[in-house]
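File shown here: protein16.tsv, holding TSV, C-alpha atoms.
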chain	number	residue	atom	x	y	z
A	25	MET	CA	-8.37	-7.02	16.73
A	26	ALA	CA	-8.50	-4.41	13.98
A	27	ILE	CA	-6.32	-2.72	11.37
A	28	ALA	CA	-5.38	0.95	11.43
A	29	VAL	CA	-4.21	2.83	8.34
A	30	VAL	CA	-2.47	6.19	8.50
A	31	GLY	CA	-1.98	7.31	4.95
A	32	SER	CA	-2.88	9.03	1.74
A	33	ILE	CA	-6.26	9.46	0.11
A	34	ASN	CA	-6.27	10.56	-3.52
A	35	CYS	CA	-8.52	10.99	-6.47
A	36	ASP	CA	-6.93	8.99	-9.29
A	37	VAL	CA	-7.00	10.12	-12.91
A	38	ILE	CA	-6.06	7.02	-14.93
A	39	ALA	CA	-5.29	7.06	-18.67
A	40	TYR	CA	-5.05	3.73	-20.54
A	41	VAL	CA	-2.39	3.72	-23.27
A	42	GLU	CA	-0.88	1.08	-25.54
A	43	ARG	CA	2.56	1.66	-24.00
A	44	LEU	CA	4.07	4.08	-21.51
A	45	PRO	CA	5.15	7.38	-23.11
A	46	GLU	CA	8.80	8.28	-23.59
A	47	PRO	CA	10.07	11.61	-22.22
A	48	GLY	CA	8.60	14.45	-24.29
A	49	GLU	CA	6.21	12.12	-26.13
A	50	THR	CA	2.43	12.58	-26.45
A	51	LEU	CA	0.28	9.47	-26.85
A	52	LEU	CA	-3.42	8.99	-27.46
A	53	ALA	CA	-5.18	7.12	-24.67
A	54	SER	CA	-7.96	4.63	-25.36
A	55	ALA	CA	-9.91	5.53	-22.21
A	56	TYR	CA	-9.69	7.22	-18.84
A	57	ARG	CA	-11.32	6.85	-15.45
A	58	LEU	CA	-11.59	8.75	-12.20
A	59	GLY	CA	-11.54	6.78	-8.98
A	60	LEU	CA	-10.51	6.42	-5.37
A	61	GLY	CA	-6.79	6.01	-4.83
A	62	GLY	CA	-3.87	6.88	-2.60
A	63	LYS	CA	-1.88	4.11	-0.99
A	64	GLY	CA	-3.57	4.61	2.36
A	65	ALA	CA	-7.09	4.41	0.92
A	66	ASN	CA	-6.20	1.49	-1.35
A	67	GLN	CA	-4.76	-0.54	1.51
A	68	ALA	CA	-7.72	0.29	3.76
A	69	VAL	CA	-10.19	-0.87	1.11
A	70	ALA	CA	-8.17	-4.03	0.42
A	71	ALA	CA	-8.21	-5.05	4.09
A	72	ARG	CA	-11.88	-4.14	4.50
A	73	ARG	CA	-12.90	-6.13	1.41
A	74	LEU	CA	-11.31	-9.18	3.01
A	75	GLY	CA	-13.38	-8.75	6.17
A	76	SER	CA	-11.16	-6.77	8.53
A	77	THR	CA	-12.37	-3.89	10.67
A	78	VAL	CA	-10.38	-0.88	9.44
A	79	GLY	CA	-9.79	2.59	10.86
A	80	LEU	CA	-8.42	5.07	8.30
A	81	VAL	CA	-6.70	8.28	9.45
A	82	GLY	CA	-6.27	10.76	6.60
A	83	ARG	CA	-7.12	14.14	5.09
A	84	VAL	CA	-9.00	15.40	2.04
A	85	GLY	CA	-9.97	18.85	0.84
A	86	ASP	CA	-13.44	20.32	1.04
A	87	ASP	CA	-13.78	20.09	-2.73
A	88	ALA	CA	-15.60	17.97	-5.30
A	89	PHE	CA	-12.79	15.42	-5.44
A	90	GLY	CA	-12.72	15.09	-1.65
A	91	HIS	CA	-16.43	14.47	-1.36
A	92	ALA	CA	-16.27	11.99	-4.23
A	93	VAL	CA	-13.50	9.90	-2.63
A	94	LEU	CA	-15.28	9.95	0.74
A	95	ASP	CA	-18.38	8.60	-0.97
A	96	GLU	CA	-16.25	5.86	-2.53
A	97	LEU	CA	-14.70	4.92	0.82
A	98	ARG	CA	-18.17	4.61	2.33
A	99	ARG	CA	-19.29	2.51	-0.63
A	100	PHE	CA	-16.50	0.10	0.24
A	101	ALA	CA	-17.70	0.13	3.89
A	102	VAL	CA	-14.56	1.90	5.17
A	103	ASP	CA	-15.31	4.09	8.21
A	104	THR	CA	-14.49	7.72	7.32
A	105	ALA	CA	-14.98	9.17	10.82
A	106	LEU	CA	-11.23	9.77	11.17
A	107	VAL	CA	-10.78	11.40	7.76
A	108	ALA	CA	-10.49	15.17	8.17
A	109	VAL	CA	-12.12	17.44	5.58
A	110	ASP	CA	-9.96	20.57	5.27
A	111	PRO	CA	-11.96	23.65	4.21
A	112	ASP	CA	-8.77	25.42	3.15
A	113	GLY	CA	-6.98	22.46	1.54
A	114	ALA	CA	-7.15	20.39	-1.62
A	115	THR	CA	-7.63	16.68	-2.12
A	116	GLY	CA	-4.57	14.72	-3.22
A	117	MET	CA	-4.46	13.78	-6.89
A	118	ALA	CA	-2.66	11.01	-8.77
A	119	MET	CA	-2.06	11.09	-12.53
A	120	ILE	CA	-1.55	7.54	-13.79
A	121	HIS	CA	-0.65	5.97	-17.15
A	122	VAL	CA	-1.49	2.29	-17.54
A	123	ALA	CA	-0.01	0.39	-20.50
A	124	ALA	CA	-1.57	-2.57	-22.32
A	125	ASP	CA	0.76	-4.98	-20.50
A	126	GLY	CA	-0.44	-3.68	-17.12
A	127	GLU	CA	2.67	-1.64	-16.28
A	128	ASN	CA	2.12	1.89	-14.98
A	129	THR	CA	3.69	5.21	-14.07
A	130	ILE	CA	2.27	7.55	-11.42
A	131	ALA	CA	2.74	11.22	-10.50
A	132	ILE	CA	1.20	12.45	-7.24
A	133	VAL	CA	0.10	15.90	-6.05
A	134	PRO	CA	-0.11	15.48	-2.24
A	135	GLY	CA	-2.82	18.00	-1.37
A	136	GLY	CA	-4.17	17.32	2.12
A	137	ASN	CA	-1.99	14.24	2.48
A	138	GLY	CA	1.03	16.50	2.84
A	139	VAL	CA	-0.23	18.19	6.01
A	140	LEU	CA	-1.52	15.17	7.94
A	141	GLY	CA	-0.19	15.62	11.46
A	142	ALA	CA	-0.53	15.49	15.22
A	143	ALA	CA	-4.15	16.65	15.37
A	144	ASP	CA	-5.20	13.86	13.01
A	145	LEU	CA	-3.37	11.25	15.10
A	146	GLU	CA	-4.92	12.55	18.30
A	147	LYS	CA	-8.36	12.20	16.72
A	148	GLY	CA	-7.49	8.60	15.84
A	149	ARG	CA	-5.68	7.81	19.08
A	150	ALA	CA	-8.20	5.24	20.35
A	151	THR	CA	-8.16	3.42	17.01
A	152	LEU	CA	-4.36	3.33	16.94
A	153	LEU	CA	-4.10	2.07	20.51
A	154	SER	CA	-6.51	-0.78	19.80
A	155	ALA	CA	-5.06	-1.84	16.43
A	156	GLY	CA	-3.36	-5.19	15.99
A	157	VAL	CA	-1.73	-4.08	12.72
A	158	LEU	CA	-0.87	-0.62	11.36
A	159	LEU	CA	-0.37	0.10	7.66
A	160	LEU	CA	1.93	3.00	6.73
A	161	GLN	CA	3.29	4.47	3.50
A	162	LEU	CA	5.50	7.45	2.59
A	163	GLU	CA	2.79	9.59	0.96
A	164	VAL	CA	2.13	11.48	4.23
A	165	PRO	CA	4.63	13.29	6.50
A	166	LEU	CA	7.14	10.92	8.07
A	167	GLU	CA	6.68	12.43	11.53
A	168	ALA	CA	3.02	11.39	11.55
A	169	SER	CA	3.89	7.84	10.48
A	170	LEU	CA	6.54	7.48	13.17
A	171	ALA	CA	4.18	8.77	15.85
A	172	ALA	CA	1.44	6.38	14.72
A	173	ALA	CA	3.85	3.44	14.75
A	174	ALA	CA	4.94	4.28	18.29
A	175	LEU	CA	1.32	4.31	19.49
A	176	VAL	CA	0.45	0.98	17.86
A	177	ARG	CA	3.63	-0.77	18.96
A	178	SER	CA	3.28	0.49	22.54
A	179	HIS	CA	0.35	-1.90	22.93
A	180	GLY	CA	1.86	-4.85	21.07
A	181	GLY	CA	0.64	-4.04	17.56
A	182	VAL	CA	2.64	-4.58	14.37
A	183	ALA	CA	3.64	-1.70	12.08
A	184	ILE	CA	4.01	-2.38	8.33
A	185	LEU	CA	5.69	0.23	6.11
A	186	ASP	CA	5.31	0.35	2.35
A	187	PRO	CA	8.32	2.57	1.45
A	188	ALA	CA	6.67	4.31	-1.47
A	189	PRO	CA	7.63	6.65	-2.88
A	190	ALA	CA	11.13	5.48	-1.97
A	191	PRO	CA	13.37	8.35	-0.82
A	192	ALA	CA	16.51	8.88	-2.89
A	193	GLY	CA	18.74	8.76	0.17
A	194	GLY	CA	17.29	5.50	1.46
A	195	LEU	CA	15.61	4.93	4.82
A	196	ALA	CA	17.16	6.21	8.04
A	197	PRO	CA	18.05	3.59	10.67
A	198	GLU	CA	15.65	5.22	13.14
A	199	LEU	CA	12.78	4.72	10.68
A	200	LEU	CA	13.60	1.05	10.19
A	201	ALA	CA	13.82	0.62	13.96
A	202	ALA	CA	10.37	2.19	14.33
A	203	ILE	CA	8.52	-0.41	12.22
A	204	ASP	CA	8.23	-4.19	12.15
A	205	ILE	CA	7.80	-5.12	8.49
A	206	LEU	CA	9.15	-3.39	5.36
A	207	THR	CA	7.47	-4.18	2.00
A	208	PRO	CA	9.23	-2.57	-0.99
A	209	ASN	CA	8.65	-3.51	-4.62
A	210	GLU	CA	11.50	-4.04	-7.10
A	211	THR	CA	12.21	-0.40	-7.91
A	212	GLU	CA	11.91	0.66	-4.27
A	213	THR	CA	14.26	-2.17	-3.30
A	214	ALA	CA	16.76	-0.94	-5.88
A	215	ALA	CA	16.53	2.58	-4.46
A	216	LEU	CA	17.10	1.25	-0.93
A	217	THR	CA	19.81	-1.34	-1.62
A	218	GLY	CA	21.42	-0.23	-4.91
A	219	ALA	CA	20.52	-3.50	-6.68
A	220	LEU	CA	17.43	-4.31	-8.74
A	221	PRO	CA	16.13	-7.80	-7.84
A	222	ARG	CA	15.16	-9.89	-10.87
A	223	SER	CA	14.83	-13.42	-9.50
A	224	ALA	CA	13.92	-15.41	-6.40
A	225	ASP	CA	17.55	-15.50	-5.30
A	226	ASP	CA	17.89	-11.75	-5.90
A	227	GLY	CA	14.75	-11.13	-3.88
A	228	ILE	CA	15.91	-13.18	-0.89
A	229	ALA	CA	19.34	-11.52	-1.03
A	230	ALA	CA	17.65	-8.10	-1.11
A	231	ALA	CA	15.41	-8.98	1.83
A	232	ARG	CA	18.47	-10.05	3.80
A	233	ALA	CA	20.25	-6.83	2.84
A	234	LEU	CA	17.31	-4.78	4.12
A	235	ARG	CA	17.42	-6.70	7.39
A	236	GLN	CA	21.12	-5.92	7.68
A	237	ARG	CA	20.18	-2.24	7.35
A	238	GLY	CA	17.82	-2.55	10.31
A	239	ALA	CA	14.50	-3.94	9.09
A	240	ALA	CA	13.23	-6.66	11.44
A	241	THR	CA	11.31	-8.31	8.59
A	242	ALA	CA	11.65	-7.51	4.88
A	243	ILE	CA	9.22	-8.58	2.17
A	244	VAL	CA	10.36	-7.82	-1.39
A	245	LYS	CA	7.53	-7.71	-3.93
A	246	LEU	CA	8.80	-8.76	-7.35
A	247	GLY	CA	5.55	-8.26	-9.26
A	248	ALA	CA	5.03	-11.03	-11.81
A	249	ARG	CA	8.17	-12.80	-10.51
A	250	GLY	CA	6.77	-13.52	-7.01
A	251	VAL	CA	7.58	-12.41	-3.45
A	252	ALA	CA	10.68	-12.94	-1.28
A	253	PHE	CA	10.75	-12.53	2.49
A	254	SER	CA	13.22	-12.72	5.36
A	255	SER	CA	12.89	-12.43	9.13
A	256	ALA	CA	14.68	-13.84	12.15
A	257	ALA	CA	12.20	-16.72	12.25
A	258	ALA	CA	11.43	-17.45	8.59
A	259	GLU	CA	12.78	-16.92	5.09
A	260	GLY	CA	11.52	-17.96	1.70
A	261	PHE	CA	10.04	-17.21	-1.69
A	262	GLU	CA	6.44	-17.31	-2.89
A	263	PRO	CA	6.13	-18.01	-6.65
A	264	PRO	CA	3.71	-15.87	-8.65
A	265	PHE	CA	0.11	-16.89	-9.20
A	266	LYS	CA	-0.87	-17.34	-12.84
A	267	VAL	CA	-3.51	-14.75	-13.69
A	268	GLU	CA	-4.49	-12.62	-16.70
A	269	THR	CA	-2.95	-9.24	-15.84
A	270	ILE	CA	-4.50	-6.09	-17.29
A	271	ASP	CA	-3.70	-3.39	-14.69
A	272	SER	CA	-1.06	-3.53	-11.95
A	273	VAL	CA	-1.82	-0.15	-10.32
A	274	ALA	CA	-3.26	-1.60	-7.11
A	275	ALA	CA	-1.23	-4.80	-6.79
A	276	GLY	CA	1.17	-3.61	-4.11
A	277	ASP	CA	-1.55	-1.98	-2.05
A	278	CYS	CA	-3.79	-5.04	-2.22
A	279	PHE	CA	-0.80	-7.12	-1.15
A	280	ASN	CA	-0.23	-4.94	1.91
A	281	GLY	CA	-3.89	-4.81	2.86
A	282	ALA	CA	-4.14	-8.58	2.61
A	283	LEU	CA	-0.87	-9.05	4.51
A	284	ALA	CA	-2.26	-6.97	7.38
A	285	HIS	CA	-5.53	-8.90	7.28
A	286	ALA	CA	-3.79	-12.28	7.44
A	287	LEU	CA	-1.40	-11.25	10.21
A	288	ASP	CA	-4.25	-9.73	12.22
A	289	ARG	CA	-6.09	-13.06	11.92
A	290	GLY	CA	-3.08	-14.90	13.37
A	291	SER	CA	-1.30	-16.25	10.27
A	292	GLY	CA	2.44	-16.85	10.37
A	293	LEU	CA	4.70	-14.86	8.06
A	294	ALA	CA	4.96	-17.42	5.24
A	295	ALA	CA	1.19	-18.06	5.18
A	296	ALA	CA	0.45	-14.33	5.33
A	297	VAL	CA	2.81	-13.65	2.41
A	298	ARG	CA	1.12	-16.36	0.32
A	299	TYR	CA	-2.33	-14.98	1.12
A	300	ALA	CA	-1.19	-11.44	0.27
A	301	ALA	CA	0.41	-12.60	-2.99
A	302	ALA	CA	-2.88	-14.16	-4.05
A	303	ALA	CA	-4.80	-10.96	-3.31
A	304	GLY	CA	-2.24	-8.85	-5.14
A	305	ALA	CA	-2.38	-11.14	-8.18
A	306	LEU	CA	-6.17	-10.99	-8.32
A	307	SER	CA	-6.12	-7.19	-8.23
A	308	THR	CA	-4.19	-7.14	-11.52
A	309	THR	CA	-7.05	-8.89	-13.32
A	310	ARG	CA	-9.31	-5.81	-13.18
A	311	LYS	CA	-8.96	-2.09	-13.77
A	312	GLY	CA	-8.66	0.61	-11.15
A	313	ALA	CA	-6.95	1.10	-7.80
A	314	ALA	CA	-9.15	0.62	-4.73
A	315	ALA	CA	-11.87	-0.86	-6.93
A	316	ALA	CA	-9.57	-3.72	-7.94
A	317	ALA	CA	-9.35	-5.19	-4.42
A	318	PRO	CA	-10.61	-8.82	-4.30
A	319	SER	CA	-13.01	-10.35	-1.81
A	320	ALA	CA	-12.09	-13.05	0.71
A	321	ASP	CA	-13.99	-15.65	-1.34
A	322	GLU	CA	-12.02	-14.79	-4.46
A	323	VAL	CA	-8.71	-15.13	-2.62
A	324	ALA	CA	-9.82	-18.43	-1.09
A	325	ARG	CA	-10.70	-19.82	-4.55
A	326	LEU	CA	-7.29	-18.86	-5.97
A	327	LEU	CA	-5.55	-20.48	-3.01
A	328	SER	CA	-7.58	-23.69	-3.20

Using C-alpha cells, write down the structure from this file.
Amino acid sequence: MAIAVVGSINCDVIAYVERLPEPGETLLASAYRLGLGGKGANQAVAARRLGSTVGLVGRVGDDAFGHAVLDELRRFAVDTALVAVDPDGATGMAMIHVAADGENTIAIVPGGNGVLGAADLEKGRATLLSAGVLLLQLEVPLEASLAAAALVRSHGGVAILDPAPAPAGGLAPELLAAIDILTPNETETAALTGALPRSADDGIAAARALRQRGAATAIVKLGARGVAFSSAAAEGFEPPFKVETIDSVAAGDCFNGALAHALDRGSGLAAAVRYAAAAGALSTTRKGAAAAAPSADEVARLLS
C-alpha cells in the first residue's frame, strides 16, 4: 500500500533562544535557520524516511520560498507531482522560537495552504483512492480534509487526524466521525477536553474522553511523559524513550508519520504507537523540522 498526505507545506524560520520570550519581551537568539516545514510536509518526509511510498497533496506559491521547499521535498525523495505551484499565491511561513530545553512556540502564516481545495484533491484522486493510510492536519481548509478522508475510507483506508492547531470550540462530531484515529498532544488535548494531561493515567483518561466524544481511536501524545492510547480493541500507555532532547519542533509530526508507516505495514495499534514514539523521540535529538526525521535503521536501533 502507500501513504497519502493532504496538508500544509511551509518554509520555517527558526530562532534558537535560551528560553521562550514573555509577552512584549525581546530576546537575542543564538542562531537561526530556514528549512522545510508545515505539518503536512513534515509528516510526509517522516514516513518517506522510514521507507513508505508517500503521495503529498499541497500548495505553495510561485516564489523563492516555494521553490526552496519543493527542492527540499525532492531531496528527501518525496514526490512533488501533486503539489500545486500557485502563480498568484504565497508560500506558507512558520515563525518558530526554540528554547534551550527543546520547547517551542510557533506562529503560522497559511499562504497557499489556506486555499487548498477541490481541484487539488481531484488532481490527487488516484493517490487517495489507492492509499492505505491518510495523514491529515488542521493547517489546510477542513472541507478539503473531510473530502480526502471520505475518498480514502471509501476503499478501506485509515484516516489519521493531527488536530493542530486545535480549534477553540473543539472538534465537531461530524469531523470525529469522518476519521479513524485522532492524535492530539497535551495542549491540544486540553483544548479538546478541558483538562491538561500530566501523567499516564491522565493520558488514558483523556484518550477515553476523546472516544466518548466520537473518536474511534485516540492517541494522546504527552511529549517527554510518553503516549497514551485507547480504542475499542486496545488501550495502554507507552513510556518515553530516554534521549538527549535539543529541539522538539518535529516530534509530533515524526510520530504521526511513523504511526502511518507502521500501520500501513500491518502493525497493531500498540506496536504502531511504540514505533511512532521511538521515531518521535529520535527527532528531538537534532535540530529542524522535516530534517529531524529519523531513518528506519535508527528507529530499529532504539527499539532493540

Selection: 12 Å around Leu51 of chain A, only C-alpha atoms, excl. self and same-chain fewer than 3 positions, as number ranges by chain:
A: 39-48, 54-55, 121-123

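Among the candidates A:Ala274, A:Val102, A:Ala230, A:Ala150, the residue lying nearest to Glu127 of chain A is A:Ala274 (atoms considered: only C-alpha atoms).
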
Selection near segment 290-305 of chain A, 7 Å with all atoms listed in the file, sequence-local residues under 5 positions removed, as a PDB file with C-alpha atoms, in the frame of the given file:
ATOM      1  CA  GLU A 262       6.440 -17.310  -2.890  1.00  0.00           C
ATOM      2  CA  PHE A 265       0.110 -16.890  -9.200  1.00  0.00           C
ATOM      3  CA  VAL A 267      -3.510 -14.750 -13.690  1.00  0.00           C
ATOM      4  CA  ALA A 275      -1.230  -4.800  -6.790  1.00  0.00           C
ATOM      5  CA  GLY A 276       1.170  -3.610  -4.110  1.00  0.00           C
ATOM      6  CA  CYS A 278      -3.790  -5.040  -2.220  1.00  0.00           C
ATOM      7  CA  PHE A 279      -0.800  -7.120  -1.150  1.00  0.00           C
ATOM      8  CA  ASN A 280      -0.230  -4.940   1.910  1.00  0.00           C
ATOM      9  CA  ALA A 282      -4.140  -8.580   2.610  1.00  0.00           C
ATOM     10  CA  LEU A 283      -0.870  -9.050   4.510  1.00  0.00           C
ATOM     11  CA  PRO A 318     -10.610  -8.820  -4.300  1.00  0.00           C
ATOM     12  CA  VAL A 323      -8.710 -15.130  -2.620  1.00  0.00           C
ATOM     13  CA  LEU A 326      -7.290 -18.860  -5.970  1.00  0.00           C
ATOM     14  CA  LEU A 327      -5.550 -20.480  -3.010  1.00  0.00           C
TER      15      LEU A 327
END

Write out as a ChimeraX atom specification the residues lying within 9 Å of segment 240-256 of chain A, counting only C-alpha atoms and excluding same-chain residues fewer than 4 positions away.
/A:200-201,203-210,213,221-236,260-266,272,275-276,279,293-294,297-298,301,304-305

List as JSON, numbers by chain the protein and nucleic acid residues near Met25 of chain A, meaning an atom at most 12 Å away when all atoms listed in the file are counted, but skip any in the same chain fewer than 2 places from it.
{"A": [27, 28, 75, 76, 77, 78, 79, 151, 152, 153, 154, 155, 156, 157, 158, 176, 179, 180, 181, 182, 284, 285, 286, 287, 288, 289, 290]}

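Interatomic distance, atom CA of Gly193 of chain A to atom CA of Leu216 of chain A: 7.8 Å.
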
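Among the candidates A:Leu162, A:Ala183, A:Val133, A:Val29, the residue lying nearest to Val107 of chain A is A:Val29 (atoms considered: all atoms listed in the file).
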
So for segment 234-247 of chain A, what box centre and size do we get, axis-aligned, 5 Å extra on each of the six sides, every listed atom, Å to one decimal, as lines of an AutoDock Vina configuration file?
center_x = 13.3
center_y = -5.5
center_z = 1.1
size_x = 25.6
size_y = 16.5
size_z = 30.7

Name the residues in contact with Val30 of chain A at a cut-off of 8 Å, using only C-alpha atoms, excluding same-chain residues fewer than 6 positions from it; report them as a PDB file with C-alpha atoms, keeping the file's coordinate frame.
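Generated output (selection.pdb):
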ATOM      1  CA  GLY A  64      -3.570   4.610   2.360  1.00  0.00           C
ATOM      2  CA  LEU A  80      -8.420   5.070   8.300  1.00  0.00           C
ATOM      3  CA  VAL A  81      -6.700   8.280   9.450  1.00  0.00           C
ATOM      4  CA  GLY A  82      -6.270  10.760   6.600  1.00  0.00           C
ATOM      5  CA  LEU A 158      -0.870  -0.620  11.360  1.00  0.00           C
ATOM      6  CA  LEU A 159      -0.370   0.100   7.660  1.00  0.00           C
ATOM      7  CA  LEU A 160       1.930   3.000   6.730  1.00  0.00           C
ATOM      8  CA  GLN A 161       3.290   4.470   3.500  1.00  0.00           C
ATOM      9  CA  SER A 169       3.890   7.840  10.480  1.00  0.00           C
ATOM     10  CA  ALA A 172       1.440   6.380  14.720  1.00  0.00           C
TER      11      ALA A 172
END

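Closest to Val93 of chain A among A:Gly126, A:Gly59, A:Gly31, A:Pro111 is A:Gly59, based on only C-alpha atoms.
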
Of the residues A:Ala188, A:Ala118, A:Ala196, A:Ala70, which is the one nearest to Phe89 of chain A, using all atoms listed in the file?
A:Ala118

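Using only C-alpha atoms for every distance, the candidate list A:Leu94, A:Leu175, A:Ala26, A:Val69 yields A:Leu94 as the residue closest to Leu106 of chain A.
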
Would you compute the distance between atom CA of Gly218 of chain A and atom CA of Pro191 of chain A? Give it in Å to one decimal.
12.5 Å

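Proximity ranking of A:Ala257, A:Ala65, A:Ile120, A:Leu140 relative to Glu167 of chain A places A:Leu140 first, based on all atoms listed in the file.
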
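With atom CA of Ile132 of chain A on one side and atom CA of Ile33 of chain A on the other, the separation reads 10.9 Å.
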
Can you tell me, as a ChimeraX atom specification, which residues sit within 12 Å of (-4.7, 10.9, -3.5) in the file's frame, using only C-alpha atoms?
/A:31-37,58-66,82-85,89-90,92-94,114-120,130-138,163-164,313-314
